[in-house]
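Reproduced below: work_28.cif, with mmCIF, C-alpha atoms.
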```cif
data_target
loop_
_atom_site.label_atom_id
_atom_site.label_comp_id
_atom_site.auth_asym_id
_atom_site.auth_seq_id
_atom_site.Cartn_x
_atom_site.Cartn_y
_atom_site.Cartn_z
CA MET A 1 -168.11 -45.83 61.66
CA ARG A 2 -170.95 -43.85 60.16
CA GLY A 3 -173.28 -45.50 57.68
CA PRO A 4 -174.36 -43.94 54.42
CA ARG A 5 -175.92 -40.50 54.75
CA ARG A 6 -179.68 -40.51 55.10
CA PRO A 7 -181.70 -39.13 52.24
CA ARG A 8 -182.88 -35.62 52.94
CA VAL A 9 -186.41 -34.58 52.02
CA LEU A 10 -187.35 -30.91 51.94
CA VAL A 11 -191.08 -30.71 52.74
CA ILE A 12 -192.49 -27.39 51.56
CA GLY A 13 -195.80 -26.80 53.31
CA LEU A 14 -197.39 -28.82 56.11
CA GLY A 15 -201.00 -28.55 55.07
CA GLY A 16 -203.37 -31.14 53.70
CA LEU A 17 -200.72 -32.46 51.30
CA GLY A 18 -197.53 -32.06 53.33
CA SER A 19 -198.93 -33.53 56.55
CA PRO A 20 -199.89 -36.98 55.23
CA ALA A 21 -196.91 -37.05 52.89
CA ALA A 22 -194.41 -36.31 55.66
CA LEU A 23 -196.07 -38.82 57.98
CA ALA A 24 -195.95 -41.61 55.41
CA ILE A 25 -192.29 -40.90 54.64
CA ALA A 26 -191.31 -40.65 58.31
CA ARG A 27 -192.89 -44.01 59.04
CA SER A 28 -191.29 -45.70 56.08
CA ARG A 29 -187.56 -45.47 56.75
CA PRO A 30 -184.71 -43.66 58.51
CA ILE A 31 -184.54 -40.29 56.82
CA HIS A 32 -183.92 -36.60 57.39
CA LEU A 33 -186.84 -34.24 56.92
CA THR A 34 -186.54 -30.47 56.63
CA LEU A 35 -189.95 -28.93 57.23
CA VAL A 36 -190.71 -25.46 55.89
CA ASP A 37 -193.91 -23.69 56.88
CA ASP A 38 -194.53 -20.37 58.58
CA ASP A 39 -198.05 -21.13 59.73
CA SER A 40 -199.53 -22.09 63.08
CA VAL A 41 -202.10 -24.80 63.66
CA ASP A 42 -205.66 -23.57 63.26
CA GLU A 43 -208.80 -25.39 64.31
CA SER A 44 -210.02 -25.35 60.70
CA ASN A 45 -206.94 -27.39 59.68
CA LEU A 46 -207.64 -30.39 61.84
CA HIS A 47 -209.95 -32.43 59.60
CA ARG A 48 -207.26 -32.88 56.95
CA GLN A 49 -203.88 -31.97 58.44
CA ILE A 50 -203.48 -35.25 60.22
CA LEU A 51 -200.32 -34.42 62.14
CA PHE A 52 -202.20 -31.98 64.34
CA GLU A 53 -204.72 -32.21 67.17
CA SER A 54 -206.98 -29.69 68.84
CA SER A 55 -204.48 -29.25 71.68
CA ASP A 56 -201.95 -27.99 69.10
CA VAL A 57 -204.02 -24.99 67.99
CA GLY A 58 -201.86 -21.88 67.99
CA ARG A 59 -198.52 -23.71 67.96
CA PRO A 60 -196.15 -23.48 64.97
CA LYS A 61 -196.84 -26.32 62.56
CA VAL A 62 -193.18 -27.15 62.04
CA GLU A 63 -192.66 -27.54 65.79
CA VAL A 64 -195.65 -29.85 66.32
CA ALA A 65 -194.93 -31.79 63.15
CA ALA A 66 -191.34 -32.50 64.18
CA GLU A 67 -192.55 -34.05 67.44
CA ARG A 68 -195.25 -36.14 65.78
CA LEU A 69 -193.03 -37.35 62.96
CA LYS A 70 -190.23 -38.44 65.29
CA ASP A 71 -192.78 -40.28 67.46
CA ALA A 72 -194.28 -41.98 64.45
CA ALA A 73 -190.89 -43.16 63.23
CA ARG A 74 -189.94 -44.37 66.69
CA ARG A 75 -193.09 -46.48 66.86
CA GLU A 76 -192.04 -48.07 63.58
CA GLY A 77 -188.70 -48.98 65.12
CA HIS A 78 -186.41 -46.47 63.47
CA ARG A 79 -185.20 -42.95 63.99
CA ILE A 80 -185.48 -39.91 61.81
CA SER A 81 -183.96 -36.46 62.11
CA VAL A 82 -186.09 -33.38 61.56
CA GLN A 83 -185.19 -29.75 61.03
CA SER A 84 -187.98 -27.23 61.49
CA ILE A 85 -187.88 -23.98 59.52
CA ALA A 86 -190.67 -21.61 60.56
CA SER A 87 -190.59 -19.61 57.36
CA ARG A 88 -192.16 -19.44 53.96
CA PHE A 89 -190.31 -20.93 50.98
CA LEU A 90 -189.30 -17.74 49.19
CA PRO A 91 -187.05 -16.73 46.31
CA ALA A 92 -184.59 -15.34 48.87
CA ASN A 93 -184.18 -18.62 50.78
CA ALA A 94 -185.24 -21.32 48.30
CA ALA A 95 -181.82 -22.32 47.00
CA GLU A 96 -180.29 -22.35 50.46
CA LEU A 97 -183.11 -24.45 51.94
CA ALA A 98 -182.96 -26.95 49.09
CA ALA A 99 -179.19 -27.13 48.71
CA GLU A 100 -178.63 -30.10 51.00
CA SER A 101 -181.81 -31.93 50.04
CA THR A 102 -181.98 -35.16 48.11
CA ILE A 103 -185.51 -34.43 46.93
CA LEU A 104 -188.10 -31.66 47.25
CA LEU A 105 -191.70 -32.41 48.16
CA GLU A 106 -193.93 -29.41 47.57
CA GLY A 107 -197.43 -29.24 49.01
CA SER A 108 -198.10 -25.53 49.16
CA ASP A 109 -201.42 -23.88 48.45
CA ASN A 110 -200.32 -21.27 45.93
CA PHE A 111 -198.93 -21.17 42.42
CA ALA A 112 -196.02 -18.88 43.22
CA THR A 113 -194.52 -21.42 45.61
CA LYS A 114 -195.22 -24.29 43.22
CA PHE A 115 -193.34 -22.62 40.38
CA LEU A 116 -190.57 -21.50 42.72
CA ALA A 117 -190.12 -25.11 43.87
CA ALA A 118 -190.02 -26.31 40.27
CA ASP A 119 -187.46 -23.66 39.34
CA THR A 120 -185.34 -24.38 42.42
CA ALA A 121 -185.33 -28.09 41.66
CA ARG A 122 -184.13 -27.34 38.14
CA LEU A 123 -181.47 -24.92 39.38
CA LEU A 124 -180.07 -27.47 41.83
CA ASP A 125 -180.77 -30.50 39.63
CA LYS A 126 -182.85 -32.27 42.25
CA PRO A 127 -186.05 -34.30 41.88
CA VAL A 128 -189.26 -32.63 42.97
CA VAL A 129 -192.69 -34.09 43.73
CA GLN A 130 -195.54 -31.60 43.50
CA ALA A 131 -199.30 -31.68 43.90
CA GLY A 132 -202.40 -29.53 44.10
CA SER A 133 -205.96 -30.22 45.17
CA VAL A 134 -209.23 -28.33 45.18
CA ARG A 135 -212.61 -29.74 46.19
CA TRP A 136 -212.84 -33.33 44.89
CA TYR A 137 -209.97 -33.12 42.43
CA GLY A 138 -206.20 -33.04 42.48
CA TRP A 139 -203.01 -33.72 40.58
CA SER A 140 -199.47 -34.82 41.31
CA LEU A 141 -196.33 -34.62 39.20
CA SER A 142 -192.82 -35.90 39.87
CA THR A 143 -190.00 -34.33 37.93
CA ILE A 144 -186.44 -35.44 37.33
CA PRO A 145 -184.83 -32.27 35.99
CA LYS A 146 -183.38 -32.55 32.48
CA HIS A 147 -185.00 -35.97 32.03
CA THR A 148 -188.75 -35.63 32.47
CA ALA A 149 -191.45 -33.03 31.99
CA CYS A 150 -191.60 -30.34 34.67
CA LEU A 151 -194.33 -28.16 36.10
CA ARG A 152 -193.66 -25.50 33.47
CA CYS A 153 -194.05 -28.12 30.72
CA VAL A 154 -197.57 -28.72 32.04
CA PHE A 155 -198.89 -25.40 33.35
CA GLU A 156 -196.28 -23.00 31.92
CA ASP A 157 -196.54 -20.11 34.39
CA ILE A 158 -198.44 -18.70 37.30
CA PRO A 159 -202.08 -18.46 36.20
CA ARG A 160 -203.60 -15.03 36.52
CA GLY A 161 -207.07 -14.40 37.82
CA VAL A 162 -209.29 -17.37 37.20
CA PRO A 163 -207.88 -20.52 38.81
CA GLU A 164 -209.14 -21.57 42.17
CA THR A 165 -207.18 -22.43 45.26
CA CYS A 166 -208.38 -24.40 48.24
CA ALA A 167 -208.71 -21.09 50.08
CA SER A 168 -211.31 -19.88 47.60
CA ALA A 169 -212.98 -23.16 46.66
CA GLY A 170 -212.45 -25.42 49.64
CA VAL A 171 -210.80 -28.77 49.83
CA VAL A 172 -212.09 -32.22 50.72
CA GLY A 173 -209.93 -33.74 53.45
CA PRO A 174 -209.78 -37.33 52.19
CA VAL A 175 -209.10 -36.16 48.62
CA VAL A 176 -206.13 -34.00 49.55
CA GLY A 177 -205.01 -36.88 51.78
CA VAL A 178 -204.94 -39.21 48.79
CA LEU A 179 -202.79 -36.73 46.90
CA GLY A 180 -200.42 -36.40 49.85
CA ALA A 181 -200.11 -40.18 50.01
CA ILE A 182 -199.38 -40.28 46.29
CA GLN A 183 -196.65 -37.69 46.81
CA ALA A 184 -195.06 -39.80 49.55
CA TRP A 185 -195.26 -42.90 47.38
CA SER A 186 -193.68 -41.03 44.46
CA ALA A 187 -190.89 -39.58 46.60
CA LEU A 188 -190.06 -42.94 48.16
CA ARG A 189 -189.90 -44.56 44.73
CA ILE A 190 -187.52 -41.91 43.48
CA LEU A 191 -185.36 -42.27 46.59
CA ARG A 192 -184.89 -45.93 45.84
CA GLY A 193 -183.93 -45.15 42.25
CA ASP A 194 -187.24 -46.02 40.62
CA TYR A 195 -188.07 -43.23 38.18
CA GLU A 196 -190.81 -45.01 36.25
CA ASP A 197 -193.59 -42.66 37.27
CA ALA A 198 -191.59 -39.45 36.97
CA GLY A 199 -192.94 -37.20 34.25
CA GLN A 200 -196.42 -38.62 34.58
CA LEU A 201 -199.25 -36.35 35.59
CA ILE A 202 -201.47 -38.18 38.03
CA HIS A 203 -205.05 -36.95 38.45
CA TYR A 204 -207.40 -38.05 41.15
CA ASP A 205 -211.10 -37.32 40.92
CA GLY A 206 -212.56 -38.19 44.29
CA SER A 207 -216.13 -37.63 43.13
CA ARG A 208 -215.75 -40.56 40.72
CA SER A 209 -212.99 -42.50 42.46
CA ARG A 210 -210.99 -42.19 39.28
CA LEU A 211 -207.20 -42.17 39.17
CA THR A 212 -205.60 -41.33 35.84
CA LYS A 213 -201.95 -41.21 34.80
CA ARG A 214 -200.71 -39.50 31.68
CA VAL A 215 -197.17 -39.41 30.39
CA ILE A 216 -196.32 -35.75 29.79
CA GLN A 217 -193.93 -34.99 26.99
CA ARG A 218 -191.29 -32.38 27.69
CA ARG A 219 -192.34 -29.19 25.94
CA THR A 220 -189.72 -28.26 23.37
CA ASP A 221 -190.14 -24.56 24.20
CA CYS A 222 -190.33 -24.99 27.97
CA PRO A 223 -188.20 -22.14 29.35
CA LEU A 224 -187.30 -24.12 32.44
CA CYS A 225 -186.18 -27.25 30.60
CA LEU A 226 -184.14 -25.15 28.18
CA THR A 227 -182.04 -23.41 30.80
CA ASP A 228 -179.38 -24.70 33.16
CA ALA A 229 -179.57 -21.72 35.46
CA PRO A 230 -183.14 -20.50 36.00
CA SER A 231 -183.45 -17.21 37.80
CA LEU A 232 -185.25 -17.23 41.13
CA ASP A 233 -185.88 -13.50 40.95
CA ARG A 234 -188.86 -12.64 43.08
CA SER A 235 -190.50 -10.64 40.30
CA GLN A 236 -191.35 -13.95 38.63
CA TYR A 237 -193.46 -15.09 41.53
CA ILE A 238 -195.66 -12.09 42.15
CA MET B 1 -220.31 -36.71 15.73
CA SER B 2 -220.50 -37.15 19.48
CA ILE B 3 -217.55 -36.30 21.70
CA SER B 4 -217.43 -36.95 25.41
CA VAL B 5 -215.87 -34.17 27.48
CA ARG B 6 -214.73 -34.72 31.05
CA ILE B 7 -215.28 -31.63 33.16
CA PRO B 8 -212.92 -31.08 36.11
CA THR B 9 -214.31 -30.05 39.46
CA PRO B 10 -213.46 -26.33 39.18
CA LEU B 11 -215.54 -25.99 36.00
CA ARG B 12 -218.58 -27.99 37.06
CA THR B 13 -220.35 -24.91 38.34
CA LEU B 14 -220.75 -24.05 34.65
CA THR B 15 -222.16 -27.46 33.66
CA GLY B 16 -224.75 -27.71 36.40
CA GLY B 17 -222.54 -30.10 38.33
CA LYS B 18 -222.08 -32.55 35.47
CA ASP B 19 -218.68 -34.21 35.42
CA GLU B 20 -219.03 -35.42 31.87
CA VAL B 21 -220.95 -33.86 28.99
CA ASP B 22 -221.47 -34.68 25.34
CA ALA B 23 -220.51 -32.19 22.65
CA GLU B 24 -220.41 -31.92 18.88
CA GLY B 25 -217.51 -30.86 16.68
CA GLU B 26 -214.93 -32.04 14.20
CA THR B 27 -212.08 -30.32 15.96
CA VAL B 28 -211.26 -29.45 19.55
CA GLY B 29 -211.94 -25.79 18.79
CA LYS B 30 -215.39 -26.57 17.43
CA VAL B 31 -216.18 -28.70 20.46
CA ILE B 32 -215.29 -25.75 22.69
CA GLU B 33 -217.62 -23.51 20.65
CA ASN B 34 -220.35 -26.12 21.01
CA LEU B 35 -219.75 -26.32 24.75
CA GLU B 36 -219.96 -22.54 25.03
CA GLY B 37 -223.40 -22.65 23.37
CA ASN B 38 -224.66 -25.13 25.93
CA TYR B 39 -222.71 -23.94 28.94
CA PRO B 40 -222.08 -20.19 28.63
CA GLY B 41 -218.87 -19.04 30.26
CA LEU B 42 -216.97 -22.26 29.73
CA LYS B 43 -214.94 -20.98 26.79
CA ALA B 44 -213.58 -18.09 28.83
CA ARG B 45 -212.24 -20.61 31.33
CA LEU B 46 -210.39 -22.45 28.57
CA CYS B 47 -209.30 -19.84 26.02
CA ASP B 48 -207.79 -16.37 26.09
CA GLU B 49 -209.10 -13.32 24.29
CA LEU B 50 -207.13 -14.27 21.17
CA GLY B 51 -208.81 -17.65 21.07
CA GLY B 52 -205.82 -19.75 22.12
CA VAL B 53 -205.91 -22.21 24.97
CA LEU B 54 -205.00 -20.59 28.27
CA ARG B 55 -201.47 -21.41 29.35
CA HIS B 56 -202.54 -23.03 32.59
CA VAL B 57 -205.12 -25.27 30.97
CA ASN B 58 -204.28 -28.61 29.39
CA ILE B 59 -206.62 -30.35 26.99
CA TYR B 60 -206.19 -34.00 26.12
CA VAL B 61 -207.80 -36.08 23.40
CA GLY B 62 -207.63 -39.52 24.88
CA GLU B 63 -204.13 -39.55 26.33
CA GLU B 64 -202.63 -37.01 23.91
CA ASP B 65 -202.01 -33.39 24.81
CA ILE B 66 -203.36 -31.20 22.01
CA ARG B 67 -200.18 -29.09 22.29
CA SER B 68 -198.33 -32.03 20.80
CA MET B 69 -200.99 -32.35 18.10
CA GLU B 70 -202.62 -29.44 16.26
CA GLU B 71 -203.84 -27.44 19.24
CA LEU B 72 -207.44 -26.33 18.67
CA GLU B 73 -207.33 -27.61 15.09
CA THR B 74 -206.80 -31.16 16.34
CA SER B 75 -209.21 -33.41 14.47
CA LEU B 76 -211.65 -35.60 16.35
CA ARG B 77 -213.34 -38.87 15.63
CA ASP B 78 -216.74 -40.00 16.73
CA GLY B 79 -216.48 -41.33 20.26
CA ASP B 80 -213.30 -39.47 21.18
CA GLU B 81 -212.96 -38.42 24.79
CA ILE B 82 -211.62 -34.99 25.75
CA SER B 83 -210.22 -34.25 29.20
CA ILE B 84 -209.69 -30.75 30.53
CA VAL B 85 -206.94 -30.38 33.13
CA PRO B 86 -206.65 -26.90 34.65
CA ALA B 87 -203.90 -25.86 37.01
CA ILE B 88 -205.06 -25.85 40.59
CA ALA B 89 -202.93 -24.85 43.52
CA GLY B 90 -204.74 -25.94 46.65
CA GLY B 91 -203.21 -28.25 49.15
CA LEU B 92 -203.26 -26.34 52.37
#
```
Final structure tokens representation of the file:
Amino acid sequence: MRGPRRPRVLVIGLGGLGSPAALAIARSRPIHLTLVDDDSVDESNLHRQILFESSDVGRPKVEVAAERLKDAARREGHRISVQSIASRFLPANAAELAAESTILLEGSDNFATKFLAADTARLLDKPVVQAGSVRWYGWSLSTIPKHTACLRCVFEDIPRGVPETCASAGVVGPVVGVLGAIQAWSALRILRGDYEDAGQLIHYDGSRSRLTKRVIQRRTDCPLCLTDAPSLDRSQYI
Amino acid sequence: MSISVRIPTPLRTLTGGKDEVDAEGETVGKVIENLEGNYPGLKARLCDELGGVLRHVNIYVGEEDIRSMEELETSLRDGDEISIVPAIAGGL
């Protein structure tokens, strides 16, 4: 007889956030991970993307990650299942990729994907854990749709022009690793039914070793919180 | 009236690397004007051309988001601490 179905985590991005987050989750419990990333391992990734080694350079991240995550779980004495999707998370495939997931964990490096993940989570009524990190600083936010503040309550829409990304400003490996660990911790708490930290914006300032949590109120005019059927039209994410 | 303002990493290039600066002002808007006088360019990273706070920037007085208070007209008391939280996307 089959036991209860394993929780299914959709990991969007296997960079400095997604790598440590996926590893921590894989080691924690039997689970199914769906990994979405279209990138290959680059030598410049290795100091922070802890699933990969120099011998992996040039291989698809999702392929290498699946091997490493299964090995890591096996060493902990349990098994996980992993599905590798060598693609970007896009408006055209977002709902399909997330449909079977219990929770979304988004660790991409761009605002378009972050807002798409938030919108998809709302559309499918699934929790989402998101984060961003540049230089010595980063944030994480867990959202329970319809119950807690979402990414659009906090940052409203894709910023134009000014904001930095790790590609333009650089990222400090241990700092983004802390944020990835926080994401894993948040996702695991939600999976066990503990929603206490959902809706809290967590900041980490690695230059001062300061971790701050703020309860974010749902914005009364948040377009995402006000709708039951957000559009995932690609024009919103350009 | 002295207000302490925490500067996030992306904006520290404008404050000479300082992660916390002191400013003067009775409201959040006046503090931003004061900051602009001491650290030119900072206001443009916080406010749009109409003077409102940029949509992807969050400003807190203590633990309170000024959007849930009186935005830039939010009154301050001596010793208040302002935190600026911009959207950042990195994570790769």
Just checking: using all atoms listed in the file, which residue out of B:Leu42, B:Val61, B:Ala87, B:Ile7 ends up closest to Thr74 of chain B? B:Val61
Can you pull out the residues contacting segment 134-150 of chain A? Cut-off 7 Å, using only C-alpha atoms, and skip same-chain residues under 3 positions away; I want them as a ChimeraX atom specification. /A:122,125-131,153-154,165-166,169-172,175,179,183,186,198-207,216-218,225 /B:9,88,90
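When all atoms listed in the file are used to measure the gap to chain B, the shortest distance among A:Pro30, A:Gly173, A:Pro91, A:Pro7 belongs to A:Gly173.
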Determine which residues of chain B sit within 10 Å of chain A, taking into account all atoms listed in the file, and present them as a list in words. Pro8, Thr9, Pro10, Leu11, Asp19, Ala44, Arg45, Leu54, Arg55, His56, Val57, Asn58, Tyr60, Gly62, Glu63, Glu64, Asp65, Arg67, Ser68, Val85, Pro86, Ala87, Ile88, Ala89, Gly90, Gly91 and Leu92 of chain B
Just the number, please: distance in Å from atom CA of Val9 of chain A to atom CA of Thr34 of chain A, one decimal.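 It comes out at 6.2 Å.
With all atoms listed in the file taken into account, the protein and nucleic acid residues at most 8 Å from Ala184 of chain A (excluding it and anything under 4 positions from it in its own chain) are A:Pro20, A:Ala21, A:Ala22, A:Ala24, A:Ile25, A:Gly180, A:Leu188.
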Å distance separating atom CA of Arg27 of chain A from atom CA of Ser40 of chain A, one decimal place: 23.3 Å
Apply the PyMOL selection byres ((chain B and resi 80) around 9) to the structure shown and report the selected residues as a PyMOL selection string. chain B and resi 2-5+61-62+76-79+81-82
Could you work out how far atom CA of Glu53 of chain A lies from atom CA of Pro174 of chain A, giving the answer in Å with one decimal? 16.6 Å
Distance query Ala86 of chain A at most 9 Å, only C-alpha atoms, self and fewer than 6 positions along chain excluded, as a VMD selection string: chain A and resid 35 to 39 60 to 63
Can you sort out the box for segment 62-70 of chain B, edges along x, y and z, all listed atoms in, 3 Å on every side, with centre and edge lengths in Å to one decimal, as lines of an AutoDock Vina configuration file?
```
center_x = -203.0
center_y = -34.3
center_z = 21.3
size_x = 15.3
size_y = 16.5
size_z = 16.1
```
Could you tell me which residues the PyMOL selection byres ((chain A and resi 82) around 6) grabs in this file, written as an mmCIF file with C-alpha atoms, in the frame of the given file?
```cif
data_model
loop_
_atom_site.group_PDB
_atom_site.id
_atom_site.type_symbol
_atom_site.label_atom_id
_atom_site.label_comp_id
_atom_site.auth_asym_id
_atom_site.auth_seq_id
_atom_site.Cartn_x
_atom_site.Cartn_y
_atom_site.Cartn_z
ATOM 1 C CA HIS A 32 -183.920 -36.600 57.390
ATOM 2 C CA LEU A 33 -186.840 -34.240 56.920
ATOM 3 C CA THR A 34 -186.540 -30.470 56.630
ATOM 4 C CA ALA A 66 -191.340 -32.500 64.180
ATOM 5 C CA SER A 81 -183.960 -36.460 62.110
ATOM 6 C CA GLN A 83 -185.190 -29.750 61.030
#
```
I'd like the neighbourhood of Leu124 of chain A as JSON, numbers by chain, where a residue qualifies if any of its atoms comes within 9 Å (using all atoms listed in the file), though same-chain residues fewer than 3 positions away should be ignored. {"A": [95, 98, 99, 119, 120, 121, 145, 229]}
My structure is short of atoms at segment 46-74 of chain B; please model N, CA and C atoms there, returning them as a PDB file, keeping the file's coordinate frame.
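part_3.pdb written:
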```pdb
ATOM      1  N   LEU B  46    -211.311 -21.597  29.311  1.00  0.00           N
ATOM      2  CA  LEU B  46    -210.390 -22.450  28.570  1.00  0.00           C
ATOM      3  C   LEU B  46    -209.496 -21.666  27.607  1.00  0.00           C
ATOM      4  N   CYS B  47    -210.015 -20.558  27.084  1.00  0.00           N
ATOM      5  CA  CYS B  47    -209.300 -19.840  26.020  1.00  0.00           C
ATOM      6  C   CYS B  47    -209.101 -18.372  26.402  1.00  0.00           C
ATOM      7  N   ASP B  48    -208.042 -17.783  25.845  1.00  0.00           N
ATOM      8  CA  ASP B  48    -207.790 -16.370  26.090  1.00  0.00           C
ATOM      9  C   ASP B  48    -208.547 -15.522  25.067  1.00  0.00           C
ATOM     10  N   GLU B  49    -208.348 -14.212  25.168  1.00  0.00           N
ATOM     11  CA  GLU B  49    -209.100 -13.320  24.290  1.00  0.00           C
ATOM     12  C   GLU B  49    -208.725 -13.455  22.817  1.00  0.00           C
ATOM     13  N   LEU B  50    -207.548 -14.039  22.565  1.00  0.00           N
ATOM     14  CA  LEU B  50    -207.130 -14.270  21.170  1.00  0.00           C
ATOM     15  C   LEU B  50    -207.611 -15.615  20.652  1.00  0.00           C
ATOM     16  N   GLY B  51    -208.251 -16.372  21.511  1.00  0.00           N
ATOM     17  CA  GLY B  51    -208.810 -17.650  21.070  1.00  0.00           C
ATOM     18  C   GLY B  51    -207.925 -18.847  21.338  1.00  0.00           C
ATOM     19  N   GLY B  52    -206.703 -18.620  21.812  1.00  0.00           N
ATOM     20  CA  GLY B  52    -205.820 -19.750  22.120  1.00  0.00           C
ATOM     21  C   GLY B  52    -206.137 -20.348  23.478  1.00  0.00           C
ATOM     22  N   VAL B  53    -205.674 -21.569  23.684  1.00  0.00           N
ATOM     23  CA  VAL B  53    -205.910 -22.210  24.970  1.00  0.00           C
ATOM     24  C   VAL B  53    -205.073 -21.506  26.044  1.00  0.00           C
ATOM     25  N   LEU B  54    -205.711 -21.224  27.164  1.00  0.00           N
ATOM     26  CA  LEU B  54    -205.000 -20.590  28.270  1.00  0.00           C
ATOM     27  C   LEU B  54    -203.781 -21.407  28.663  1.00  0.00           C
ATOM     28  N   ARG B  55    -202.734 -20.719  29.091  1.00  0.00           N
ATOM     29  CA  ARG B  55    -201.470 -21.410  29.350  1.00  0.00           C
ATOM     30  C   ARG B  55    -201.571 -22.411  30.494  1.00  0.00           C
ATOM     31  N   HIS B  56    -202.461 -22.130  31.430  1.00  0.00           N
ATOM     32  CA  HIS B  56    -202.540 -23.030  32.590  1.00  0.00           C
ATOM     33  C   HIS B  56    -203.608 -24.097  32.429  1.00  0.00           C
ATOM     34  N   VAL B  57    -204.123 -24.228  31.219  1.00  0.00           N
ATOM     35  CA  VAL B  57    -205.120 -25.270  30.970  1.00  0.00           C
ATOM     36  C   VAL B  57    -204.537 -26.276  29.986  1.00  0.00           C
ATOM     37  N   ASN B  58    -204.717 -27.547  30.297  1.00  0.00           N
ATOM     38  CA  ASN B  58    -204.280 -28.610  29.390  1.00  0.00           C
ATOM     39  C   ASN B  58    -205.503 -29.352  28.879  1.00  0.00           C
ATOM     40  N   ILE B  59    -205.505 -29.612  27.589  1.00  0.00           N
ATOM     41  CA  ILE B  59    -206.620 -30.350  26.990  1.00  0.00           C
ATOM     42  C   ILE B  59    -206.049 -31.604  26.317  1.00  0.00           C
ATOM     43  N   TYR B  60    -206.647 -32.726  26.663  1.00  0.00           N
ATOM     44  CA  TYR B  60    -206.190 -34.000  26.120  1.00  0.00           C
ATOM     45  C   TYR B  60    -207.294 -34.629  25.280  1.00  0.00           C
ATOM     46  N   VAL B  61    -206.898 -35.219  24.164  1.00  0.00           N
ATOM     47  CA  VAL B  61    -207.800 -36.080  23.400  1.00  0.00           C
ATOM     48  C   VAL B  61    -207.311 -37.491  23.672  1.00  0.00           C
ATOM     49  N   GLY B  62    -208.139 -38.233  24.387  1.00  0.00           N
ATOM     50  CA  GLY B  62    -207.630 -39.520  24.880  1.00  0.00           C
ATOM     51  C   GLY B  62    -206.463 -39.249  25.808  1.00  0.00           C
ATOM     52  N   GLU B  63    -205.310 -39.769  25.498  1.00  0.00           N
ATOM     53  CA  GLU B  63    -204.130 -39.550  26.330  1.00  0.00           C
ATOM     54  C   GLU B  63    -203.176 -38.510  25.747  1.00  0.00           C
ATOM     55  N   GLU B  64    -203.538 -37.920  24.610  1.00  0.00           N
ATOM     56  CA  GLU B  64    -202.630 -37.010  23.910  1.00  0.00           C
ATOM     57  C   GLU B  64    -202.928 -35.549  24.228  1.00  0.00           C
ATOM     58  N   ASP B  65    -201.909 -34.821  24.578  1.00  0.00           N
ATOM     59  CA  ASP B  65    -202.010 -33.390  24.810  1.00  0.00           C
ATOM     60  C   ASP B  65    -202.160 -32.695  23.460  1.00  0.00           C
ATOM     61  N   ILE B  66    -203.165 -31.835  23.321  1.00  0.00           N
ATOM     62  CA  ILE B  66    -203.360 -31.200  22.010  1.00  0.00           C
ATOM     63  C   ILE B  66    -202.194 -30.284  21.635  1.00  0.00           C
ATOM     64  N   ARG B  67    -201.373 -29.889  22.635  1.00  0.00           N
ATOM     65  CA  ARG B  67    -200.180 -29.090  22.290  1.00  0.00           C
ATOM     66  C   ARG B  67    -199.208 -29.881  21.440  1.00  0.00           C
ATOM     67  N   SER B  68    -199.217 -31.204  21.609  1.00  0.00           N
ATOM     68  CA  SER B  68    -198.330 -32.030  20.800  1.00  0.00           C
ATOM     69  C   SER B  68    -199.019 -32.488  19.523  1.00  0.00           C
ATOM     70  N   MET B  69    -200.260 -32.026  19.327  1.00  0.00           N
ATOM     71  CA  MET B  69    -200.990 -32.350  18.100  1.00  0.00           C
ATOM     72  C   MET B  69    -201.180 -31.025  17.334  1.00  0.00           C
ATOM     73  N   GLU B  70    -202.381 -30.676  17.026  1.00  0.00           N
ATOM     74  CA  GLU B  70    -202.620 -29.440  16.260  1.00  0.00           C
ATOM     75  C   GLU B  70    -203.432 -28.433  17.056  1.00  0.00           C
ATOM     76  N   GLU B  71    -203.162 -28.383  18.353  1.00  0.00           N
ATOM     77  CA  GLU B  71    -203.840 -27.440  19.240  1.00  0.00           C
ATOM     78  C   GLU B  71    -205.356 -27.500  19.007  1.00  0.00           C
ATOM     79  N   LEU B  72    -205.979 -26.337  18.821  1.00  0.00           N
ATOM     80  CA  LEU B  72    -207.440 -26.330  18.670  1.00  0.00           C
ATOM     81  C   LEU B  72    -207.904 -26.891  17.330  1.00  0.00           C
ATOM     82  N   GLU B  73    -206.975 -27.023  16.393  1.00  0.00           N
ATOM     83  CA  GLU B  73    -207.330 -27.610  15.090  1.00  0.00           C
ATOM     84  C   GLU B  73    -207.227 -29.133  15.108  1.00  0.00           C
ATOM     85  N   THR B  74    -206.908 -29.703  16.232  1.00  0.00           N
ATOM     86  CA  THR B  74    -206.800 -31.160  16.340  1.00  0.00           C
ATOM     87  C   THR B  74    -208.114 -31.829  15.925  1.00  0.00           C
TER      88      THR B  74
END
```
